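Quick look at work.cif (mmCIF, C-alpha atoms):
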```
data_data
#
loop_
_atom_site.group_PDB
_atom_site.id
_atom_site.type_symbol
_atom_site.label_atom_id
_atom_site.label_comp_id
_atom_site.auth_asym_id
_atom_site.auth_seq_id
_atom_site.Cartn_x
_atom_site.Cartn_y
_atom_site.Cartn_z
ATOM 1 C CA MET J 732 -109.488 81.423 10.254
ATOM 2 C CA SER J 733 -106.215 82.105 12.102
ATOM 3 C CA ALA J 734 -103.239 83.078 9.930
ATOM 4 C CA ASP J 735 -100.984 81.090 12.290
ATOM 5 C CA LEU J 736 -102.262 77.703 11.119
ATOM 6 C CA PRO J 737 -100.001 75.588 8.876
ATOM 7 C CA THR J 738 -100.624 75.757 5.149
ATOM 8 C CA SER J 739 -100.555 73.136 2.420
ATOM 9 C CA SER J 740 -98.845 74.608 -0.610
ATOM 10 C CA LYS J 741 -99.832 73.823 -4.175
ATOM 11 C CA ALA J 742 -96.510 72.012 -4.592
ATOM 12 C CA ASN J 743 -97.225 69.826 -1.531
ATOM 13 C CA GLN J 744 -100.656 68.944 -2.878
ATOM 14 C CA THR J 745 -99.271 68.104 -6.321
ATOM 15 C CA GLY J 746 -96.551 65.971 -4.754
ATOM 16 C CA ARG J 747 -99.001 63.973 -2.641
ATOM 17 C CA HIS J 748 -101.320 63.526 -5.605
ATOM 18 C CA GLY J 749 -98.421 62.211 -7.688
ATOM 19 C CA VAL J 750 -97.531 59.609 -5.067
ATOM 20 C CA THR J 751 -101.178 58.529 -4.885
ATOM 21 C CA LEU J 752 -101.334 58.032 -8.671
ATOM 22 C CA LEU J 753 -98.099 56.028 -8.574
ATOM 23 C CA GLN J 754 -99.412 53.859 -5.753
ATOM 24 C CA ALA J 755 -102.570 53.149 -7.757
ATOM 25 C CA CYS J 756 -100.491 51.953 -10.736
ATOM 26 C CA PHE J 757 -98.721 49.354 -8.627
ATOM 27 C CA GLU J 758 -101.697 48.225 -6.603
ATOM 28 C CA LYS J 759 -103.695 47.733 -9.810
ATOM 29 C CA GLU J 760 -101.106 45.096 -10.808
ATOM 30 C CA GLY J 761 -101.003 43.554 -7.320
ATOM 31 C CA TRP J 762 -97.616 44.964 -6.324
ATOM 32 C CA ILE J 763 -97.031 46.421 -2.867
ATOM 33 C CA PHE J 764 -96.339 50.149 -2.455
ATOM 34 C CA ARG J 765 -95.215 51.583 0.879
ATOM 35 C CA ARG J 766 -95.173 55.352 1.331
ATOM 36 C CA GLN J 767 -92.374 57.110 3.127
ATOM 37 C CA ASP J 768 -93.883 58.693 6.239
ATOM 38 C CA GLY J 769 -94.212 62.456 5.977
ATOM 39 C CA ASP J 770 -93.098 64.882 3.266
ATOM 40 C CA SER J 771 -89.383 64.903 2.634
ATOM 41 C CA ASP J 772 -86.889 66.118 0.094
ATOM 42 C CA PHE J 773 -84.165 63.623 0.943
ATOM 43 C CA GLY J 774 -84.429 61.461 -2.176
ATOM 44 C CA ILE J 775 -86.694 58.569 -1.096
ATOM 45 C CA ASP J 776 -90.502 58.801 -1.153
ATOM 46 C CA GLY J 777 -91.399 55.144 -0.776
ATOM 47 C CA GLU J 778 -90.664 51.581 -1.780
ATOM 48 C CA ILE J 779 -92.198 49.012 -4.078
ATOM 49 C CA GLU J 780 -92.181 45.233 -3.766
ATOM 50 C CA ILE J 781 -92.746 42.852 -6.669
ATOM 51 C CA VAL J 782 -95.606 40.393 -6.221
ATOM 52 C CA ASP J 783 -95.900 37.302 -8.446
ATOM 53 C CA SER J 784 -99.348 35.678 -8.642
ATOM 54 C CA ASN J 785 -100.136 36.785 -5.070
ATOM 55 C CA ASN J 786 -96.711 35.584 -3.878
ATOM 56 C CA VAL J 787 -94.601 38.252 -2.189
ATOM 57 C CA THR J 788 -91.067 38.015 -3.622
ATOM 58 C CA GLY J 789 -89.018 40.095 -1.171
ATOM 59 C CA ARG J 790 -87.618 41.982 -4.176
ATOM 60 C CA ILE J 791 -87.785 45.597 -3.085
ATOM 61 C CA ALA J 792 -86.865 48.860 -4.798
ATOM 62 C CA LYS J 793 -86.800 52.366 -3.389
ATOM 63 C CA CYS J 794 -88.423 55.191 -5.317
ATOM 64 C CA GLN J 795 -88.541 58.959 -5.549
ATOM 65 C CA VAL J 796 -91.487 60.742 -7.126
ATOM 66 C CA LYS J 797 -91.491 64.048 -8.973
ATOM 67 C CA SER J 798 -94.893 65.472 -9.873
ATOM 68 C CA SER J 799 -96.191 68.221 -12.144
ATOM 69 C CA PRO J 800 -99.675 69.290 -13.266
ATOM 70 C CA THR J 801 -98.424 68.941 -16.843
ATOM 71 C CA VAL J 802 -95.432 67.004 -18.199
ATOM 72 C CA VAL J 803 -94.265 68.227 -21.606
ATOM 73 C CA PHE J 804 -92.149 65.995 -23.878
ATOM 74 C CA ASN J 805 -89.907 67.124 -26.719
ATOM 75 C CA ASP J 806 -88.912 64.394 -29.187
ATOM 76 C CA GLY J 807 -90.108 61.804 -26.685
ATOM 77 C CA GLU J 808 -88.016 63.092 -23.763
ATOM 78 C CA THR J 809 -88.370 65.427 -20.801
ATOM 79 C CA SER J 810 -86.172 66.173 -17.802
ATOM 80 C CA VAL J 811 -86.213 67.403 -14.229
ATOM 81 C CA SER J 812 -83.432 68.871 -12.109
ATOM 82 C CA VAL J 813 -82.260 66.964 -9.013
ATOM 83 C CA LYS J 814 -79.756 67.966 -6.333
ATOM 84 C CA ALA J 815 -76.345 66.288 -6.487
ATOM 85 C CA THR J 816 -76.679 65.486 -2.775
ATOM 86 C CA THR J 817 -79.821 63.487 -3.600
ATOM 87 C CA TYR J 818 -77.869 61.571 -6.252
ATOM 88 C CA ASN J 819 -75.211 60.816 -3.630
ATOM 89 C CA LEU J 820 -77.918 59.337 -1.404
ATOM 90 C CA TRP J 821 -79.140 57.076 -4.230
ATOM 91 C CA LYS J 822 -75.579 55.927 -4.817
ATOM 92 C CA VAL J 823 -75.018 54.748 -1.235
ATOM 93 C CA THR J 824 -78.488 53.211 -0.791
ATOM 94 C CA PRO J 825 -78.061 49.389 -0.862
ATOM 95 C CA LEU J 826 -81.334 48.902 -2.749
ATOM 96 C CA ILE J 827 -81.969 50.092 -6.280
ATOM 97 C CA THR J 828 -83.801 53.413 -6.586
ATOM 98 C CA ILE J 829 -86.284 54.117 -9.392
ATOM 99 C CA LEU J 830 -87.372 57.670 -10.232
ATOM 100 C CA PHE J 831 -90.923 58.473 -11.297
ATOM 101 C CA TYR J 832 -92.286 61.603 -12.950
ATOM 102 C CA VAL J 833 -96.064 61.906 -12.608
ATOM 103 C CA ASP J 834 -98.365 64.083 -14.699
ATOM 104 C CA THR J 835 -101.159 64.688 -12.205
ATOM 105 C CA ARG J 836 -103.538 65.988 -14.873
ATOM 106 C CA SER J 837 -103.268 63.171 -17.438
ATOM 107 C CA GLY J 838 -102.278 60.433 -14.984
ATOM 108 C CA GLY J 839 -99.081 59.623 -16.879
ATOM 109 C CA VAL J 840 -96.437 57.899 -14.726
ATOM 110 C CA TYR J 841 -92.933 57.771 -16.263
ATOM 111 C CA TRP J 842 -89.933 55.928 -14.820
ATOM 112 C CA THR J 843 -86.150 55.821 -15.106
ATOM 113 C CA PRO J 844 -83.358 54.182 -13.040
ATOM 114 C CA ALA J 845 -81.825 56.707 -10.637
ATOM 115 C CA LEU J 846 -78.193 55.796 -11.288
ATOM 116 C CA ALA J 847 -78.582 55.955 -15.065
ATOM 117 C CA HIS J 848 -77.926 59.682 -14.653
ATOM 118 C CA HIS J 849 -74.766 61.319 -13.311
ATOM 119 C CA PRO J 850 -73.881 64.865 -12.215
ATOM 120 C CA LYS J 851 -70.902 66.643 -13.733
ATOM 121 C CA SER J 852 -67.887 66.988 -11.473
ATOM 122 C CA GLY J 853 -68.489 69.745 -8.911
ATOM 123 C CA ALA J 854 -72.059 70.409 -10.086
ATOM 124 C CA ALA J 855 -74.735 71.161 -7.479
ATOM 125 C CA SER J 856 -77.451 69.444 -9.523
ATOM 126 C CA LEU J 857 -78.024 67.081 -12.421
ATOM 127 C CA SER J 858 -80.620 66.675 -15.136
ATOM 128 C CA VAL J 859 -82.674 63.467 -15.003
ATOM 129 C CA ARG J 860 -84.230 62.437 -18.331
ATOM 130 C CA PHE J 861 -87.519 60.556 -18.721
ATOM 131 C CA GLU J 862 -88.720 58.860 -21.898
ATOM 132 C CA GLU J 863 -92.341 59.164 -22.943
ATOM 133 C CA ALA J 864 -92.388 55.456 -23.845
ATOM 134 C CA ASN J 865 -91.703 54.448 -20.213
ATOM 135 C CA ASP J 866 -95.273 55.108 -19.049
ATOM 136 C CA LEU J 867 -96.721 52.778 -16.409
ATOM 137 C CA ARG J 868 -100.214 53.314 -17.792
ATOM 138 C CA SER J 869 -99.278 50.752 -20.458
ATOM 139 C CA GLY J 870 -98.351 48.217 -17.752
ATOM 140 C CA LEU J 871 -95.394 47.223 -15.601
ATOM 141 C CA LYS J 872 -93.708 44.920 -18.145
ATOM 142 C CA SER J 873 -90.733 47.157 -19.008
ATOM 143 C CA LEU J 874 -90.117 48.154 -15.384
ATOM 144 C CA ARG J 875 -90.419 44.515 -14.277
ATOM 145 C CA ALA J 876 -87.884 43.437 -16.931
ATOM 146 C CA TYR J 877 -85.426 46.064 -15.721
ATOM 147 C CA LEU J 878 -85.859 45.137 -12.046
ATOM 148 C CA ASP J 879 -85.547 41.407 -12.789
ATOM 149 C CA SER J 880 -82.262 42.000 -14.607
ATOM 150 C CA TRP J 881 -80.975 44.115 -11.712
ATOM 151 C CA PHE J 882 -81.843 41.488 -9.105
ATOM 152 C CA ALA J 883 -80.317 38.756 -11.287
ATOM 153 C CA VAL J 884 -76.986 40.583 -11.226
ATOM 154 C CA ARG J 885 -77.059 42.218 -7.802
ATOM 155 C CA GLY J 886 -79.324 40.028 -5.658
ATOM 156 C CA GLY J 887 -78.338 37.413 -3.094
ATOM 157 C CA GLU J 888 -78.726 34.540 -5.580
ATOM 158 C CA ALA J 889 -76.220 36.205 -7.900
ATOM 159 C CA ILE J 890 -73.639 36.316 -5.101
ATOM 160 C CA THR J 891 -73.962 32.606 -4.312
ATOM 161 C CA HIS J 892 -73.719 31.727 -8.015
ATOM 162 C CA GLU J 893 -70.298 33.407 -7.987
ATOM 163 C CA ILE J 894 -68.915 31.005 -5.354
ATOM 164 C CA PRO J 895 -67.386 28.354 -7.678
ATOM 165 C CA PRO J 896 -65.413 30.765 -9.923
ATOM 166 C CA PHE J 897 -64.288 32.810 -6.917
ATOM 167 C CA HIS J 898 -63.096 29.645 -5.194
ATOM 168 C CA HIS J 899 -60.777 29.041 -8.139
ATOM 169 C CA ILE J 900 -59.438 32.577 -7.683
ATOM 170 C CA TYR J 901 -59.032 31.828 -3.964
ATOM 171 C CA ASN J 902 -56.889 28.758 -4.692
ATOM 172 C CA ASP J 903 -54.653 30.797 -6.992
ATOM 173 C CA LEU J 904 -54.315 33.530 -4.384
ATOM 174 C CA CYS J 905 -53.364 31.000 -1.682
ATOM 175 C CA SER J 906 -50.654 29.530 -3.888
ATOM 176 C CA ASP J 907 -48.922 32.931 -4.004
ATOM 177 C CA ILE J 908 -48.868 33.601 -0.258
ATOM 178 C CA ASP J 909 -45.284 32.566 0.547
ATOM 179 C CA HIS J 910 -43.567 32.806 -2.833
ATOM 180 C CA TYR J 911 -42.182 36.349 -2.801
ATOM 181 C CA ASP J 912 -40.169 38.725 -0.612
ATOM 182 C CA ASP J 913 -42.391 40.629 1.807
ATOM 183 C CA TRP J 914 -41.167 44.050 0.731
ATOM 184 C CA CYS J 915 -41.810 43.428 -2.994
ATOM 185 C CA GLU J 916 -44.919 44.941 -4.539
ATOM 186 C CA MET J 917 -47.540 42.728 -6.133
ATOM 187 C CA GLY J 918 -48.268 43.039 -9.821
ATOM 188 C CA GLU J 919 -51.422 44.737 -11.090
ATOM 189 C CA GLU J 920 -53.134 41.449 -12.026
ATOM 190 C CA GLU J 921 -52.493 39.779 -8.651
ATOM 191 C CA ASP J 922 -53.560 42.900 -6.769
ATOM 192 C CA GLY J 923 -56.745 43.143 -8.826
ATOM 193 C CA ARG J 924 -57.675 39.509 -8.128
ATOM 194 C CA PHE J 925 -57.114 40.066 -4.396
ATOM 195 C CA ARG J 926 -59.410 43.114 -4.411
ATOM 196 C CA LEU J 927 -62.167 41.186 -6.194
ATOM 197 C CA PHE J 928 -61.910 38.203 -3.876
ATOM 198 C CA TYR J 929 -61.846 40.275 -0.678
ATOM 199 C CA ARG J 930 -65.018 42.131 -1.688
ATOM 200 C CA HIS J 931 -66.644 38.824 -2.632
ATOM 201 C CA VAL J 932 -65.971 37.415 0.849
ATOM 202 C CA LEU J 933 -67.454 40.453 2.588
ATOM 203 C CA ARG J 934 -70.599 40.301 0.428
ATOM 204 C CA LEU J 935 -70.901 36.541 0.842
ATOM 205 C CA ARG J 936 -70.707 36.769 4.622
ATOM 206 C CA LEU J 937 -73.486 39.355 4.720
ATOM 207 C CA GLU J 938 -75.618 37.160 2.445
ATOM 208 C CA VAL J 939 -75.428 34.244 4.917
ATOM 209 C CA GLY J 940 -76.025 36.455 7.975
ATOM 210 C CA LEU J 941 -72.465 36.839 9.253
ATOM 211 C CA SER J 942 -71.125 40.157 10.498
ATOM 212 C CA ASN J 943 -68.082 41.903 9.054
ATOM 213 C CA GLY J 944 -67.753 44.190 12.039
ATOM 214 C CA ASP J 945 -64.448 42.686 13.208
ATOM 215 C CA LEU J 946 -62.918 42.404 9.734
ATOM 216 C CA PRO J 947 -60.649 45.129 8.341
ATOM 217 C CA SER J 948 -62.011 46.885 5.288
ATOM 218 C CA LEU J 949 -60.177 46.555 2.003
ATOM 219 C CA ASP J 950 -58.950 50.147 2.367
ATOM 220 C CA ASP J 951 -57.472 49.286 5.799
ATOM 221 C CA TRP J 952 -54.953 46.935 4.180
ATOM 222 C CA TYR J 953 -53.778 49.550 1.705
ATOM 223 C CA ILE J 954 -53.385 52.103 4.497
ATOM 224 C CA ARG J 955 -51.352 49.565 6.487
ATOM 225 C CA ASN J 956 -49.312 48.842 3.379
ATOM 226 C CA VAL J 957 -48.274 52.483 3.097
ATOM 227 C CA GLY J 958 -47.335 52.576 6.788
ATOM 228 C CA LEU J 959 -45.237 49.385 6.628
ATOM 229 C CA TRP J 960 -43.601 49.523 3.224
ATOM 230 C CA ASN J 961 -44.281 52.978 1.767
ATOM 231 C CA GLY J 962 -46.352 51.074 -0.778
ATOM 232 C CA ASP J 963 -47.881 52.823 -3.743
ATOM 233 C CA ASP J 964 -50.863 51.521 -5.743
ATOM 234 C CA PHE J 965 -50.512 47.808 -5.018
ATOM 235 C CA LEU J 966 -50.029 45.738 -1.870
ATOM 236 C CA CYS J 967 -46.643 44.402 -0.930
ATOM 237 C CA TRP J 968 -46.464 40.628 -0.503
ATOM 238 C CA GLY J 969 -45.994 40.897 3.272
ATOM 239 C CA THR J 970 -49.247 42.810 3.739
ATOM 240 C CA TYR J 971 -50.935 40.489 1.281
ATOM 241 C CA ARG J 972 -49.918 37.441 3.324
ATOM 242 C CA GLU J 973 -51.413 38.967 6.477
ATOM 243 C CA ALA J 974 -54.648 39.886 4.711
ATOM 244 C CA MET J 975 -55.074 36.451 3.129
ATOM 245 C CA LYS J 976 -54.543 34.572 6.399
ATOM 246 C CA LEU J 977 -57.230 36.689 8.061
ATOM 247 C CA ILE J 978 -59.777 36.652 5.243
ATOM 248 C CA LYS J 979 -59.269 32.901 4.710
ATOM 249 C CA LEU J 980 -60.857 32.157 8.102
ATOM 250 C CA ALA J 981 -63.768 34.492 7.347
ATOM 251 C CA TYR J 982 -64.236 32.883 3.924
ATOM 252 C CA GLU J 983 -64.276 29.329 5.259
ATOM 253 C CA GLU J 984 -66.857 30.331 7.867
ATOM 254 C CA ALA J 985 -69.126 31.670 5.120
ATOM 255 C CA LEU J 986 -68.679 28.538 2.996
ATOM 256 C CA ALA J 987 -69.637 26.371 5.983
ATOM 257 C CA LYS J 988 -72.835 28.402 6.366
ATOM 258 C CA ILE J 989 -73.674 27.978 2.683
ATOM 259 C CA THR J 990 -73.039 24.226 2.885
ATOM 260 C CA ALA J 991 -75.314 23.887 5.923
ATOM 261 C CA ARG J 992 -78.048 25.894 4.212
ATOM 262 C CA LEU J 993 -77.971 23.704 1.092
ATOM 263 C CA ALA J 994 -77.972 20.506 3.150
ATOM 264 C CA VAL J 995 -81.598 21.139 4.142
ATOM 265 C CA ALA J 996 -82.694 22.726 0.866
ATOM 266 C CA LYS J 997 -84.381 21.064 -2.069
ATOM 267 C CA ILE J 998 -82.152 20.770 -5.123
ATOM 268 C CA THR J 999 -83.422 22.929 -7.970
ATOM 269 C CA ILE J 1000 -82.312 23.894 -11.445
ATOM 270 C CA GLU J 1001 -81.161 27.221 -10.007
ATOM 271 C CA ASN J 1002 -79.038 25.858 -7.139
ATOM 272 C CA GLN J 1003 -77.711 22.587 -8.591
ATOM 273 C CA TYR J 1004 -74.504 24.186 -9.924
ATOM 274 C CA LEU J 1005 -73.582 25.390 -6.439
ATOM 275 C CA TRP J 1006 -74.784 22.135 -4.866
ATOM 276 C CA ASN J 1007 -72.549 20.054 -7.153
ATOM 277 C CA PHE J 1008 -69.587 22.325 -6.529
ATOM 278 C CA LEU J 1009 -69.870 22.160 -2.731
ATOM 279 C CA ASP J 1010 -70.306 18.369 -2.853
ATOM 280 C CA ARG J 1011 -67.087 18.051 -4.811
ATOM 281 C CA LEU J 1012 -65.342 20.472 -2.489
ATOM 282 C CA ASN J 1013 -66.447 18.868 0.781
ATOM 283 C CA ASN J 1014 -66.577 15.214 -0.254
ATOM 284 C CA LYS J 1015 -63.586 15.295 -2.601
ATOM 285 C CA GLY J 1016 -65.660 13.335 -5.085
ATOM 286 C CA HIS J 1017 -67.313 13.830 -8.426
ATOM 287 C CA ILE J 1018 -70.987 13.902 -7.480
ATOM 288 C CA GLN J 1019 -73.076 15.369 -10.272
ATOM 289 C CA ARG J 1020 -76.783 16.134 -10.198
ATOM 290 C CA GLY J 1021 -78.267 17.278 -13.470
ATOM 291 C CA LEU J 1022 -81.709 18.863 -13.661
ATOM 292 C CA ILE J 1023 -82.618 20.222 -17.087
ATOM 293 C CA ASP J 1024 -84.537 23.464 -17.506
ATOM 294 C CA GLY J 1025 -87.604 22.866 -19.661
ATOM 295 C CA ARG J 1026 -86.712 25.901 -21.774
ATOM 296 C CA ALA J 1027 -83.813 23.934 -23.235
ATOM 297 C CA SER J 1028 -86.271 22.147 -25.555
ATOM 298 C CA ASP J 1029 -88.697 25.040 -26.040
ATOM 299 C CA PRO J 1030 -88.499 26.517 -29.586
ATOM 300 C CA ARG J 1031 -89.936 29.821 -28.302
ATOM 301 C CA PHE J 1032 -87.026 30.288 -25.901
ATOM 302 C CA HIS J 1033 -84.476 29.684 -28.645
ATOM 303 C CA SER J 1034 -86.377 31.815 -31.148
ATOM 304 C CA ALA J 1035 -86.290 34.841 -28.842
ATOM 305 C CA LEU J 1036 -82.557 34.415 -28.222
ATOM 306 C CA GLU J 1037 -81.819 33.787 -31.899
ATOM 307 C CA ALA J 1038 -83.616 37.022 -32.825
ATOM 308 C CA LYS J 1039 -81.208 38.953 -30.591
ATOM 309 C CA LEU J 1040 -78.227 37.184 -32.195
ATOM 310 C CA GLN J 1041 -79.595 37.807 -35.683
ATOM 311 C CA ALA J 1042 -79.944 41.530 -34.931
ATOM 312 C CA VAL J 1043 -76.162 41.827 -34.414
ATOM 313 C CA ASP J 1044 -75.209 39.331 -37.135
ATOM 314 C CA ALA J 1045 -73.977 36.807 -34.539
ATOM 315 C CA LEU J 1046 -76.367 33.903 -35.190
ATOM 316 C CA THR J 1047 -74.429 30.736 -36.016
ATOM 317 C CA TYR J 1048 -76.789 27.912 -35.068
ATOM 318 C CA GLN J 1049 -80.555 27.579 -35.199
ATOM 319 C CA PHE J 1050 -82.480 25.387 -32.815
ATOM 320 C CA SER J 1051 -84.762 24.249 -35.626
ATOM 321 C CA ASP J 1052 -81.775 22.772 -37.476
ATOM 322 C CA ARG J 1053 -80.521 20.673 -34.570
ATOM 323 C CA LYS J 1054 -79.960 16.953 -35.052
ATOM 324 C CA VAL J 1055 -81.747 14.882 -32.424
#
```
What would you get if you wrote out this structure as structure tokens?
Amino acid sequence: MSADLPTSSKANQTGRHGVTLLQACFEKEGWIFRRQDGDSDFGIDGEIEIVDSNNVTGRIAKCQVKSSPTVVFNDGETSVSVKATTYNLWKVTPLITILFYVDTRSGGVYWTPALAHHPKSGAASLSVRFEEANDLRSGLKSLRAYLDSWFAVRGGEAITHEIPPFHHIYNDLCSDIDHYDDWCEMGEEEDGRFRLFYRHVLRLRLEVGLSNGDLPSLDDWYIRNVGLWNGDDFLCWGTYREAMKLIKLAYEEALAKITARLAVAKITIENQYLWNFLDRLNNKGHIQRGLIDGRASDPRFHSALEAKLQAVDALTYQFSDRKV
């Protein structure tokens, strides 16, 4: 056979085998696994999508797979070395990335969140630790719990749930627009609230399908602030007034989109808080819809929560002692 033909190294074969074993773990539980086309060392080998009772959820995570013929644990832990540039890719990827370490001989598949590990300053690589207990052969329960908690905090629903408290911040910010001399610097608290609100608006607009292409970034305002006022860490009130007048229009456009979306949606336990808030905001009334989650009267729900409180000596009330 010609020596000029391409070769498949042992490492390539082990890597492909590891991805195949990982894919089998997910497909056994009905989840979707999509391979990254071709072999790459850029930090992403595929993606997984959670499936609930044959219902595709749209909840997607990226993954990278490390494989070895034998994975050896010491005191329940093992580690692999990863390039710092790969970590930087995980950090800027909008979706969560999960790392997997596959023992191709035993079939063990171990997982850890990518951003739970950090390189030292200036280091070319970092050590990623895997726990022996996080083995997908025992099921997807622990991984599912972690992903659910991530989506609850970082997903689109989490952003819309933030609308009412951020609107209160917005009202406070508007009340400060014309109260101070333009050249005076804002205080740390006011500047911090502005930063939070500005980022909220940009995220909210993306969630409802609006572009931020024509909006200045948050950093743009601080650069302008230095040019106009020789500002230091915080905005001056003149720059702040400009920024608020511009972002106000963008914010109101996003709120209008949210209102229109809810107008044709069915009210649920999950969206009723936002629904009630927008009704009060747009109708200037006190409309209140109250759907009660069935878990509120489920002793098992309260028992699980009370166990967590008991573990840190914070349990004050017990559901079983309530007076009906």
Quick one, how far is atom CA of J:Glu983 from atom CA of J:Arg936?
->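 Straight-line distance from atom CA of J:Glu983 to atom CA of J:Arg936 works out to 9.9 Å.
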May I have the centre and edge lengths, in Å to one decimal, of an axis-aligned box around the listed atoms of stretch 818-833 of chain J with 3 Å added to every side, as lines of an AutoDock Vina configuration file?
```
center_x = -85.5
center_y = 55.4
center_z = -6.9
size_x = 27.0
size_y = 19.0
size_z = 18.2
```
Evaluate the PyMOL selection byres ((chain J and resi 781) around 7) here and jot the selected residues down as an MDAnalysis selection string.
-> chainID J and resid 762:763 779:780 782:783 787:788 790:791
Please provide the set of residues having any atom within 7 Å of J:Ser858, restricted to only C-alpha atoms, with same-chain residues fewer than 3 positions apart removed, written as number ranges by chain.
-> J: 810-813
On this structure, which residues satisfy the PyMOL selection byres ((chain J and resi 910-926) around 8), written as a VMD selection string?
-> chain J and resid 900 904 906 to 909 927 to 930 949 960 962 965 to 970
Using the chain letters and numbering of this document, enumerate as number ranges by chain the residues selected by the PyMOL selection byres ((chain J and resi 896) around 12).
-> J: 890-895, 897-903, 924, 927-928, 931, 1004-1005, 1008
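Taking atom CA of J:Gly940 and atom CA of J:Ala985 as endpoints, the distance between them is 8.9 Å.
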Would you mind telling me which residue in J:Leu857, J:Val939, J:Ile998, J:Val840 lies nearest to J:Asn819 when using all atoms listed in the file?
-> J:Leu857
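Residue nearest J:Trp842, chosen from J:Arg860, J:Lys1039, J:Arg747, J:His1033 and counting all atoms listed in the file: J:Arg860.
The shortest atom-to-atom distance to J:Glu862, with all atoms listed in the file taken into account, belongs to J:Val803 out of J:Leu935, J:Leu986, J:Leu993, J:Val803.
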Using only C-alpha atoms, which residue out of J:Met975, J:Val957, J:Ala845, J:Ala755 lies closest to J:Trp821?
->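 Of J:Met975, J:Val957, J:Ala845, J:Ala755, the one nearest J:Trp821, counting only C-alpha atoms, is J:Ala845.
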